[in-house]
Number of protein chains: 2
Amino acid sequence: MESWNDPRLTKQMAFLVEADKLKNVLRRTLLTDGSRRENSAEHSWHIGLLALTLHEYAAEPKPDLGHAIRLLLVHDLVEIDAGDTFAYDEQGYSDKEEREKAAARRIFGLLPDDQTDSYLALWREFEEGRTPEALFANAVDRLHPLLNNFATEGYSWKQNGVLRSQVRARMQPIRDAAPKLAAFVDELLQRAVDRGFLADRPQPEGG
Amino acid sequence: MESWNDPRLTKQMAFLVEADKLKNVLRRTLLTDGSRRENSAEHSWHIGLLALTLHEYAAEPKPDLGHAIRLLLVHDLVEIDAGDTFAYDEQGYSDKEEREKAAARRIFGLLPDDQTDSYLALWREFEEGRTPEALFANAVDRLHPLLNNFATEGYSWKQNGVLRSQVRARMQPIRDAAPKLAAFVDELLQRAVDRGFLADRPQPEGG
């Protein structure tokens, strides 16, 4: 680690340089043009833009937008160590919490102590999903891959044999946090099924 | 464009899908591990994180952090049409304003009218750089590529024959918006020159 004149700034810069690694964490979804897999850093930007654009649909009590975006900027950093766990990977989810906790301690631990605490608090708030800001942040985080999957004719749904019922269950946070967006999700999933992007029931083996 | 039941949401979703293209706009800087060029979407996320982490250094009057991050989320979207103009490309800068204005009208014009207006206002505020939030946002936007260039031993400086005096001039907004960060910049540039990452004066031709 490069050491600078100011010890506090040295820690902050070490953290900010470490954060660069999120750009190498690949998600299962493709970009909407299908050219390559999306990484978690650009996803984090995109969901910030979703939050800004769709904030009007957040349920009462209205989340503070600035705080919701702070949660979104920080929440995926644990993936630098823990990797991106695919939404429909049951095995991956079994130890997701433990892996991500250790990652949060190491990565946010690069910061000065007071910021370690405040970033850990932001990350926990997002994970617990109880405040209006965390509910809304989780909702846009779930909504985003739907847009990519729809644009790429269901690429990661097909690749992983995902069913509409699984996607609907995964979108539950949207029903609570932004009911109008939930209606949009249902409309999108219906079209995805109608166009063959998403399966409505398990496909027969060896069909 | 996909048309949904709700005309307002149709426009918002068209904008959010269009925004995906920012992930294909490449900057001159490499990731800190040198593996590939950075794109403008992941850069936009990273400078949001810089703003969050370095906000304590912002000069008085303290910028509102949430608003500064909103400026950062939106400001690079014009590059979808106008491309990324390299900081030290004088020719590129000659028509940058015109190209970006047209881009802003088209891209933010995808949104419902009230949001077109508010996003154009955010973009203009960043470009004009007069509010405390725009000053601070510009400062972190300038600071970010220094970290990448330092980590990659001056890759884009060397590629483009950039001199310390040019980088220092480019960093002027940091002096006004966050003096402590300006001291860090000077320290970093001195080390970059000492280690041969950055030239202090023009190299003799054919030397």
# chains A, B, ... in the order shown; residues from 1 in each chain; ligands from 1
>>> interface_residues(of="chain A", to="chain B", cutoff="6 Å", atoms="only C-alpha atoms", output="NGL selection string")
:A and (41-42 or 45 or 66)
>>> residues_around(residues="segment 159-161 of chain A", least_positions_apart="4", cutoff="8 Å", atoms="only C-alpha atoms", output="ChimeraX atom specification")
/A:155,199,202
>>> residues_around(residues="Arg106 of chain B", least_positions_apart="3", cutoff="12 Å", atoms="only C-alpha atoms", output="list of chain:residue names")
B:Phe15, B:Glu18, B:Ala19, B:Leu77, B:Val78, B:Glu79, B:Ile80, B:Asp81, B:Ala82, B:Arg99, B:Glu100, B:Lys101, B:Ala102, B:Ala103, B:Gly109, B:Leu110, B:Leu111, B:Thr116, B:Tyr119, B:Leu120
>>> closest_residue(among="B:Arg28, B:Ser165, B:Asn149, B:Ala178", to="Thr85 of chain B", atoms="only C-alpha atoms")
B:Arg28
>>> select_by_dssp(residues="segment 107-187 of chain B", states="helix (DSSP H, G or I)", output="JSON, numbers by chain")
{"B": [107, 108, 113, 114, 115, 116, 117, 118, 119, 120, 121, 122, 123, 124, 125, 126, 127, 128, 132, 133, 134, 135, 136, 137, 138, 139, 140, 141, 142, 143, 144, 145, 146, 147, 148, 149, 150, 151, 155, 156, 157, 158, 159, 164, 165, 166, 167, 168, 169, 170, 172, 173, 174, 175, 176, 177, 179, 180, 181, 182, 183, 184, 185, 186, 187]}
>>> residues_around(residues="Glu60 of chain A", least_positions_apart="5", cutoff="12 Å", atoms="only C-alpha atoms", output="NGL selection string")
:A and (55 or 131-133 or 135-136 or 176-179)
>>> select_by_dssp(residues="chain A", states="strand (DSSP E or B)", output="PyMOL selection string")
chain A and resi 26-30+37-39+163+199
>>> atom_distance(atom1="atom CA of Arg195 of chain A", atom2="atom CA of Thr29 of chain A")
18.5 Å
>>> atom_distance(atom1="atom CA of Gln190 of chain A", atom2="atom CA of Leu163 of chain A")
11.8 Å
